[in-house]
Amino acid sequence: MKQFYFLILVLISFSGKSQNNLQISYDAFLVNVLQNNPLSKRAENEKKYADIQYKAARGNYDPILSGNYEQKQFNGSNYFTTLNSEIKQPIFTSQYFKFGYDYGNGSYINPEYNTTPKGLPYIGIEVGVLQGLLIDKRRAEVLKSKEYLNYYDAEKRIQLNSLLFDASQRYFEWLFSLKQMALNSYFMKVAKQRLIGIEALANIGEKASVDTIEAAIFYQTRFIDFQSALIDNQKTINDVSSFNWQNNNPSLVNENFIATDSLDLYFNKAKILLMESLYQNVPSNPILSKYSSLQKVLEIENKLKKEMIKPNLNVKYNFLSNSTSSINPGFSNNNYKFGVNLSFPLFLRNPTNEYKLAKINSQNNNLELLNKTNELSFKINALKKTINILAEQLQNAERSAKYSKILVEAEKMKFSNGESTIFMLNTRENKWLESEIKLAEYKLKFIKIVLNLIYLNGDLNYKF
């Protein structure tokens with residue numbers, strides 16, 4: 001028996017000396033998860049990705065500079081020298097404003113490309129009259145990337161919501177394991193004190209030696225229960241460590257976390273927070289925001305696909321210079337270059353079917369949005385019903401723990417007066433310990449239901 005007592009002292013002493021103490025509260029734990037956990041940093045990258053994607057789409061409206069230079073020399077003669085350069089500025093959809101310069105000279109140059117020695121400056125416009133007049137691919141990319149800002153922001157919040165939900169559950173499971181360990185430690189100490197007392201009474205003949213054996217067996221059972229609680233606590237510490245990163249590394253397993261909170265404290269806080277979370281009618285879960293943003297993206301895609309069914313008719317008009325002065329080009333309505341380009345697929349099988357596919361994608365996403373909204377509402381309603389049942393279980397568990405304690409105190413009094421046995425006293429204490437652990441389990445379950453409500457509401461407000 002002394003070996004068991006010595007062993008537990010060694011375990012506790014070894015734990016205190018070999019581990020680094022690290023105080024951690026729930027609020028500080030969540031702050032650290034948001035700041036240092038790699039999954040949190042990955043979620044932040046979703047927003048960065050959206051910003052870069054939006055800037056890239058806006059880049060489609062950057063001015064386009066192009067140029068072409070050709071020269072042919074043969075048998076000492078300059079057959080031709082041509083230069084074409086142009087700056088093309090996209091305006092809205094399929095409209096461009098252009099400024100260019102053409103130069104052509106040589107003995108055998110095509111008269112079409114021949115210019116004055118000063119060259120030929122021009123300004124002009126290019127317009128898609130039918131297809132691309134209302135929307136084109138470039139404009140659609142900008143509009144879609146703008147909606148994707150909301151989409152990826154929702155994706156970021158979805159990831160953070162899952163991360164904080166999982167981290168919070170692990171933290172409160174750790175608080176439960178501390179509560180369980182404290183209860184087992186208390187009853188183990190009580191069993192040890194009783195064993196010492198009965199051994200002393202047995203030595204003077206006041207108690208039978210069989211009582212000593214029974215007390216010793218009971219103490220050994222309590223010691224094993226405490227060891228099991230220690231193992232469970234170590235598992236929960238490992239889980240908390242996996243979320244609690246420091247300097248791009250998870251917390252060391254050999255760190256001894258010291259909680260500044262307790263399960264009972266957060267059970268009382270959860271009851272207050274429940275009234276705020278339970279009756280929130282419209283969930284703001286980012287999953288719904290994600291589908292809503294995607295719906296707007298798909299609607300833009302629908303417009304683009306519908307636009308692609310129209311004939312492709314592009315009109316180009318350039319004002320040409322009639323002056324040899326490089327300072328004053330002298331543009332005139334009498335000098336121009338005009339062109340029209342028309343193309344049209346005869347059967348329209350590709351654009352019409354792509355439009356139909358886009359409509360189906362939009363309808364499917366809208367149906368998925370309705371389904372997710374319903375799913376969240378049903379889950380919240382189910383939690384509300386569960387809370388009502390759990391409230392009754394908590395009341396019964398509290399009464400059971402209270403009554404079990406009263407019975408233990410009464411049994412102690414009877415045992416002191418010689419009216420009870422060590423077996424009955426141990427049985428009463430067993431029931432009391434079971435009822436206290438069961439009460440702690442219900443409190444943990446209650447806290448987890450509140451966490452589930454916060455998760456379903458999706459507002460990331462996990463601080464109690």
# chains A, B, ... in the order shown; residues from 1 in each chain; ligands from 1
>>> select_by_dssp(residues="region 266-397 of chain A", states="strand (DSSP E or B)", output="NGL selection string")
:A and (312-321 or 331-343)
>>> residues_around(residues="region 155-157 of chain A", least_positions_apart="2", cutoff="12 Å", atoms="only C-alpha atoms", output="VMD selection string")
chain A and resid 34 39 to 50 148 to 153 159 to 165 284 to 294 455 457 to 461
>>> residues_around(residues="Lys337 (chain A)", least_positions_apart="6", cutoff="8 Å", atoms="only C-alpha atoms", output="list of chain:residue names")
A:Lys316, A:Tyr317, A:Asn318, A:Phe319, A:Leu320
>>> select_by_dssp(residues="region 261-373 of chain A", states="alpha helix (DSSP H)", output="PyMOL selection string")
chain A and resi 263-278+286-307+349-373
>>> write_last_selection(atoms="C-alpha atoms", output="short mmCIF file (atom, residue, chain, number, x, y, z; two decimals), in the first residue's frame")
data_model
loop_
_atom_site.label_atom_id
_atom_site.label_comp_id
_atom_site.auth_asym_id
_atom_site.auth_seq_id
_atom_site.Cartn_x
_atom_site.Cartn_y
_atom_site.Cartn_z
CA LEU A 263 -15.77 24.03 -16.68
CA ASP A 264 -18.26 25.37 -14.13
CA LEU A 265 -17.35 28.98 -14.96
CA TYR A 266 -17.99 28.52 -18.66
CA PHE A 267 -21.12 26.50 -18.03
CA ASN A 268 -22.58 29.55 -16.29
CA LYS A 269 -21.36 31.82 -19.11
CA ALA A 270 -22.86 29.47 -21.69
CA LYS A 271 -26.27 29.76 -20.06
CA ILE A 272 -26.12 33.54 -20.51
CA LEU A 273 -24.79 33.33 -24.07
CA LEU A 274 -27.47 30.81 -24.97
CA MET A 275 -30.20 33.42 -24.73
CA GLU A 276 -28.37 35.54 -27.32
CA SER A 277 -27.60 32.70 -29.76
CA LEU A 278 -30.74 30.57 -29.44
CA PRO A 286 -20.76 32.19 -44.31
CA ILE A 287 -21.80 29.06 -46.22
CA LEU A 288 -24.96 30.94 -47.27
CA SER A 289 -22.91 34.01 -48.19
CA LYS A 290 -20.64 31.83 -50.29
CA TYR A 291 -23.53 30.37 -52.28
CA SER A 292 -25.14 33.80 -52.65
CA SER A 293 -21.92 35.28 -54.04
CA LEU A 294 -21.48 32.32 -56.38
CA GLN A 295 -25.06 32.83 -57.60
CA LYS A 296 -24.17 36.38 -58.68
CA VAL A 297 -21.07 35.08 -60.44
CA LEU A 298 -23.16 32.52 -62.34
CA GLU A 299 -25.72 35.18 -63.29
CA ILE A 300 -22.91 37.24 -64.85
CA GLU A 301 -21.78 34.13 -66.69
CA ASN A 302 -25.35 33.69 -67.96
CA LYS A 303 -25.37 37.20 -69.37
CA LEU A 304 -22.04 36.60 -71.10
CA LYS A 305 -23.17 33.29 -72.63
CA LYS A 306 -26.39 34.89 -73.82
CA GLU A 307 -24.41 37.74 -75.37
CA ARG A 349 -25.03 24.96 -81.49
CA ASN A 350 -22.04 25.96 -79.41
CA PRO A 351 -23.21 29.35 -77.98
CA THR A 352 -26.84 28.27 -77.41
CA ASN A 353 -25.92 25.06 -75.59
CA GLU A 354 -23.27 26.81 -73.51
CA TYR A 355 -25.95 29.29 -72.47
CA LYS A 356 -28.26 26.42 -71.50
CA LEU A 357 -25.47 24.84 -69.44
CA ALA A 358 -24.83 28.15 -67.70
CA LYS A 359 -28.52 28.40 -66.81
CA ILE A 360 -28.48 24.88 -65.36
CA ASN A 361 -25.41 25.69 -63.26
CA SER A 362 -27.15 28.79 -61.96
CA GLN A 363 -30.33 26.86 -61.13
CA ASN A 364 -28.37 24.12 -59.36
CA ASN A 365 -26.49 26.62 -57.23
CA ASN A 366 -29.73 28.37 -56.31
CA LEU A 367 -31.28 25.03 -55.32
CA GLU A 368 -28.18 24.24 -53.25
CA LEU A 369 -28.52 27.61 -51.53
CA LEU A 370 -32.14 26.83 -50.63
CA ASN A 371 -31.11 23.40 -49.37
CA LYS A 372 -28.29 24.83 -47.19
CA THR A 373 -30.65 27.46 -45.76
#
>>> closest_residue(among="A:Met424, A:Met188, A:Val129, A:Leu175", to="Leu313 (chain A)", atoms="only C-alpha atoms")
A:Val129
>>> closest_residue(among="A:Asn314, A:Asn78, A:Ser416, A:Thr212", to="Gln95 (chain A)", atoms="only C-alpha atoms")
A:Asn314
>>> atom_distance(atom1="CA of Tyr403 (chain A)", atom2="CA of Asn430 (chain A)")
13.0 Å
>>> atom_distance(atom1="CA of Asn68 (chain A)", atom2="CA of Gly100 (chain A)")
11.6 Å
>>> atom_distance(atom1="CA of Glu392 (chain A)", atom2="CA of Tyr462 (chain A)")
25.2 Å
>>> residues_around(residues="Asn32 (chain A)", least_positions_apart="6", cutoff="10 Å", atoms="only C-alpha atoms", output="ChimeraX atom specification")
/A:26,40,243-246
>>> write_last_selection(atoms="N, CA and C atoms", output="PDB file, in the first residue's frame")
ATOM      1  N   TYR A  26      -9.249  30.721 -22.106  1.00  0.00           N
ATOM      2  CA  TYR A  26      -9.977  30.435 -23.339  1.00  0.00           C
ATOM      3  C   TYR A  26      -9.844  31.577 -24.350  1.00  0.00           C
ATOM      4  N   SER A  40      -5.388  29.100 -39.810  1.00  0.00           N
ATOM      5  CA  SER A  40      -5.871  30.475 -39.797  1.00  0.00           C
ATOM      6  C   SER A  40      -5.151  31.310 -40.850  1.00  0.00           C
ATOM      7  N   PHE A 243      -3.493  22.863 -31.547  1.00  0.00           N
ATOM      8  CA  PHE A 243      -4.076  24.124 -32.012  1.00  0.00           C
ATOM      9  C   PHE A 243      -3.279  25.333 -31.547  1.00  0.00           C
ATOM     10  N   ASN A 244      -2.556  25.181 -30.442  1.00  0.00           N
ATOM     11  CA  ASN A 244      -1.886  26.322 -29.804  1.00  0.00           C
ATOM     12  C   ASN A 244      -0.462  26.464 -30.339  1.00  0.00           C
ATOM     13  N   TRP A 245      -0.326  27.083 -31.508  1.00  0.00           N
ATOM     14  CA  TRP A 245       0.977  27.240 -32.159  1.00  0.00           C
ATOM     15  C   TRP A 245       1.703  28.470 -31.633  1.00  0.00           C
ATOM     16  N   GLN A 246       3.042  28.367 -31.586  1.00  0.00           N
ATOM     17  CA  GLN A 246       3.905  29.477 -31.193  1.00  0.00           C
ATOM     18  C   GLN A 246       5.087  29.533 -32.157  1.00  0.00           C
TER      19      GLN A 246
END
>>> residues_around(residues="Arg399 (chain A)", least_positions_apart="3", cutoff="12 Å", atoms="only C-alpha atoms", output="PDB file with N, CA and C atoms, in the first residue's frame")
ATOM      1  N   GLU A 392     -33.460  19.594 -18.521  1.00  0.00           N
ATOM      2  CA  GLU A 392     -34.045  18.680 -17.525  1.00  0.00           C
ATOM      3  C   GLU A 392     -33.005  17.689 -17.013  1.00  0.00           C
ATOM      4  N   GLN A 393     -32.161  17.180 -17.920  1.00  0.00           N
ATOM      5  CA  GLN A 393     -31.111  16.251 -17.494  1.00  0.00           C
ATOM      6  C   GLN A 393     -30.142  16.922 -16.520  1.00  0.00           C
ATOM      7  N   LEU A 394     -29.829  18.174 -16.779  1.00  0.00           N
ATOM      8  CA  LEU A 394     -28.924  18.909 -15.888  1.00  0.00           C
ATOM      9  C   LEU A 394     -29.538  19.070 -14.502  1.00  0.00           C
ATOM     10  N   GLN A 395     -30.822  19.407 -14.459  1.00  0.00           N
ATOM     11  CA  GLN A 395     -31.497  19.551 -13.163  1.00  0.00           C
ATOM     12  C   GLN A 395     -31.491  18.229 -12.396  1.00  0.00           C
ATOM     13  N   ASN A 396     -31.785  17.147 -13.098  1.00  0.00           N
ATOM     14  CA  ASN A 396     -31.782  15.837 -12.444  1.00  0.00           C
ATOM     15  C   ASN A 396     -30.382  15.452 -11.976  1.00  0.00           C
ATOM     16  N   LYS A 402     -26.354  16.290  -5.485  1.00  0.00           N
ATOM     17  CA  LYS A 402     -26.644  16.868  -4.176  1.00  0.00           C
ATOM     18  C   LYS A 402     -27.116  15.794  -3.190  1.00  0.00           C
ATOM     19  N   TYR A 403     -28.038  14.947  -3.631  1.00  0.00           N
ATOM     20  CA  TYR A 403     -28.564  13.906  -2.758  1.00  0.00           C
ATOM     21  C   TYR A 403     -27.502  12.857  -2.440  1.00  0.00           C
ATOM     22  N   SER A 404     -26.652  12.556  -3.411  1.00  0.00           N
ATOM     23  CA  SER A 404     -25.593  11.571  -3.172  1.00  0.00           C
ATOM     24  C   SER A 404     -24.625  12.081  -2.108  1.00  0.00           C
ATOM     25  N   LYS A 405     -24.345  13.361  -2.131  1.00  0.00           N
ATOM     26  CA  LYS A 405     -23.460  13.939  -1.122  1.00  0.00           C
ATOM     27  C   LYS A 405     -24.097  13.864   0.268  1.00  0.00           C
ATOM     28  N   ILE A 406     -25.395  14.155   0.306  1.00  0.00           N
ATOM     29  CA  ILE A 406     -26.106  14.088   1.592  1.00  0.00           C
ATOM     30  C   ILE A 406     -26.071  12.664   2.150  1.00  0.00           C
ATOM     31  N   TRP A 432     -21.710   8.930  -5.415  1.00  0.00           N
ATOM     32  CA  TRP A 432     -21.497  10.388  -5.421  1.00  0.00           C
ATOM     33  C   TRP A 432     -20.514  10.772  -6.530  1.00  0.00           C
ATOM     34  N   SER A 435     -22.151  10.488  -9.933  1.00  0.00           N
ATOM     35  CA  SER A 435     -23.117  11.561 -10.186  1.00  0.00           C
ATOM     36  C   SER A 435     -22.409  12.891 -10.472  1.00  0.00           C
ATOM     37  N   GLU A 436     -21.271  13.157  -9.801  1.00  0.00           N
ATOM     38  CA  GLU A 436     -20.512  14.386 -10.060  1.00  0.00           C
ATOM     39  C   GLU A 436     -19.901  14.366 -11.467  1.00  0.00           C
ATOM     40  N   LYS A 438     -21.018  12.594 -14.003  1.00  0.00           N
ATOM     41  CA  LYS A 438     -22.135  12.677 -14.951  1.00  0.00           C
ATOM     42  C   LYS A 438     -22.617  14.125 -15.082  1.00  0.00           C
ATOM     43  N   LEU A 439     -22.649  14.846 -13.967  1.00  0.00           N
ATOM     44  CA  LEU A 439     -23.037  16.264 -14.008  1.00  0.00           C
ATOM     45  C   LEU A 439     -22.049  17.067 -14.840  1.00  0.00           C
TER      46      LEU A 439
END
>>> residues_around(residues="Tyr122 (chain A)", least_positions_apart="2", cutoff="10 Å", atoms="only C-alpha atoms", output="number ranges by chain")
A: 86, 98-102, 119-120, 124, 317-322, 329-331, 335-337
>>> residues_around(residues="Phe74 (chain A)", least_positions_apart="5", cutoff="12 Å", atoms="only C-alpha atoms", output="compact mmCIF listing (two decimals) with N, CA and C atoms, in the first residue's frame")
# COMPACT_ATOMS: atom_id res chain seq x y z
N TYR A 79 13.57 47.73 -101.07
CA TYR A 79 12.29 47.34 -101.62
C TYR A 79 11.15 47.99 -100.83
N PHE A 80 11.19 47.81 -99.49
CA PHE A 80 10.17 48.47 -98.68
C PHE A 80 10.64 48.53 -97.22
N GLY A 106 9.54 52.86 -99.89
CA GLY A 106 10.37 51.91 -100.61
C GLY A 106 10.04 51.88 -102.09
N SER A 107 10.96 51.33 -102.88
CA SER A 107 10.79 51.32 -104.34
C SER A 107 9.65 50.41 -104.77
N TYR A 108 9.45 49.32 -104.07
CA TYR A 108 8.44 48.35 -104.48
C TYR A 108 7.37 48.13 -103.41
>>> decode(residues="region 384-422 of chain A", atoms="N, CA and C atoms", output="short mmCIF file (atom, residue, chain, number, x, y, z; two decimals), in the first residue's frame")
data_model
loop_
_atom_site.label_atom_id
_atom_site.label_comp_id
_atom_site.auth_asym_id
_atom_site.auth_seq_id
_atom_site.Cartn_x
_atom_site.Cartn_y
_atom_site.Cartn_z
N LYS A 384 -32.43 23.45 -30.48
CA LYS A 384 -33.36 24.07 -29.53
C LYS A 384 -34.13 22.99 -28.75
N LYS A 385 -34.57 21.96 -29.48
CA LYS A 385 -35.28 20.87 -28.81
C LYS A 385 -34.35 20.08 -27.89
N THR A 386 -33.12 19.89 -28.34
CA THR A 386 -32.15 19.16 -27.51
C THR A 386 -31.86 19.92 -26.22
N ILE A 387 -31.80 21.25 -26.32
CA ILE A 387 -31.50 22.06 -25.13
C ILE A 387 -32.59 21.89 -24.08
N ASN A 388 -33.84 21.82 -24.51
CA ASN A 388 -34.94 21.64 -23.54
C ASN A 388 -34.79 20.33 -22.77
N ILE A 389 -34.43 19.27 -23.50
CA ILE A 389 -34.24 17.96 -22.84
C ILE A 389 -33.02 18.00 -21.94
N LEU A 390 -31.93 18.62 -22.45
CA LEU A 390 -30.69 18.67 -21.68
C LEU A 390 -30.85 19.48 -20.41
N ALA A 391 -31.69 20.53 -20.45
CA ALA A 391 -31.94 21.33 -19.25
C ALA A 391 -32.54 20.47 -18.15
N GLU A 392 -33.46 19.59 -18.52
CA GLU A 392 -34.05 18.68 -17.53
C GLU A 392 -33.01 17.69 -17.01
N GLN A 393 -32.16 17.18 -17.92
CA GLN A 393 -31.11 16.25 -17.49
C GLN A 393 -30.14 16.92 -16.52
N LEU A 394 -29.83 18.17 -16.78
CA LEU A 394 -28.92 18.91 -15.89
C LEU A 394 -29.54 19.07 -14.50
N GLN A 395 -30.82 19.41 -14.46
CA GLN A 395 -31.50 19.55 -13.16
C GLN A 395 -31.49 18.23 -12.40
N ASN A 396 -31.79 17.15 -13.10
CA ASN A 396 -31.78 15.84 -12.44
C ASN A 396 -30.38 15.45 -11.98
N ALA A 397 -29.36 15.76 -12.81
CA ALA A 397 -27.99 15.43 -12.44
C ALA A 397 -27.53 16.25 -11.24
N GLU A 398 -27.93 17.51 -11.18
CA GLU A 398 -27.57 18.36 -10.03
C GLU A 398 -28.23 17.83 -8.75
N ARG A 399 -29.51 17.42 -8.87
CA ARG A 399 -30.19 16.86 -7.70
C ARG A 399 -29.54 15.54 -7.28
N SER A 400 -29.18 14.73 -8.26
CA SER A 400 -28.56 13.44 -7.95
C SER A 400 -27.23 13.64 -7.23
N ALA A 401 -26.42 14.60 -7.70
CA ALA A 401 -25.13 14.88 -7.04
C ALA A 401 -25.35 15.42 -5.62
N LYS A 402 -26.35 16.29 -5.49
CA LYS A 402 -26.64 16.87 -4.18
C LYS A 402 -27.12 15.79 -3.19
N TYR A 403 -28.04 14.95 -3.63
CA TYR A 403 -28.56 13.91 -2.76
C TYR A 403 -27.50 12.86 -2.44
N SER A 404 -26.65 12.56 -3.41
CA SER A 404 -25.59 11.57 -3.17
C SER A 404 -24.63 12.08 -2.11
N LYS A 405 -24.35 13.36 -2.13
CA LYS A 405 -23.46 13.94 -1.12
C LYS A 405 -24.10 13.86 0.27
N ILE A 406 -25.40 14.16 0.31
CA ILE A 406 -26.11 14.09 1.59
C ILE A 406 -26.07 12.66 2.15
N LEU A 407 -26.28 11.66 1.27
CA LEU A 407 -26.25 10.27 1.71
C LEU A 407 -24.86 9.88 2.21
N VAL A 408 -23.81 10.38 1.55
CA VAL A 408 -22.44 10.08 1.99
C VAL A 408 -22.20 10.65 3.38
N GLU A 409 -22.64 11.90 3.60
CA GLU A 409 -22.45 12.52 4.92
C GLU A 409 -23.21 11.74 5.99
N ALA A 410 -24.42 11.30 5.64
CA ALA A 410 -25.21 10.52 6.61
C ALA A 410 -24.56 9.17 6.87
N GLU A 411 -23.99 8.56 5.83
CA GLU A 411 -23.35 7.27 5.99
C GLU A 411 -22.08 7.40 6.82
N LYS A 412 -21.37 8.51 6.66
CA LYS A 412 -20.18 8.75 7.49
C LYS A 412 -20.55 8.82 8.97
N MET A 413 -21.66 9.51 9.24
CA MET A 413 -22.11 9.63 10.62
C MET A 413 -22.46 8.24 11.19
N LYS A 414 -23.15 7.44 10.41
CA LYS A 414 -23.51 6.10 10.86
C LYS A 414 -22.26 5.24 11.04
N PHE A 415 -21.29 5.41 10.12
CA PHE A 415 -20.06 4.62 10.23
C PHE A 415 -19.27 5.00 11.48
N SER A 416 -19.28 6.29 11.81
CA SER A 416 -18.57 6.75 13.03
C SER A 416 -19.22 6.18 14.28
N ASN A 417 -20.54 5.99 14.22
CA ASN A 417 -21.26 5.45 15.38
C ASN A 417 -21.32 3.93 15.38
N GLY A 418 -20.64 3.31 14.40
CA GLY A 418 -20.60 1.86 14.33
C GLY A 418 -21.86 1.23 13.79
N GLU A 419 -22.71 2.05 13.11
CA GLU A 419 -23.98 1.54 12.60
C GLU A 419 -23.91 1.21 11.11
N SER A 420 -22.77 1.39 10.51
CA SER A 420 -22.63 1.09 9.08
C SER A 420 -21.31 0.37 8.85
N THR A 421 -21.11 -0.04 7.58
CA THR A 421 -19.89 -0.77 7.23
C THR A 421 -19.08 0.04 6.22
N ILE A 422 -17.81 -0.36 6.11
CA ILE A 422 -16.95 0.29 5.15
C ILE A 422 -17.47 0.06 3.72
#
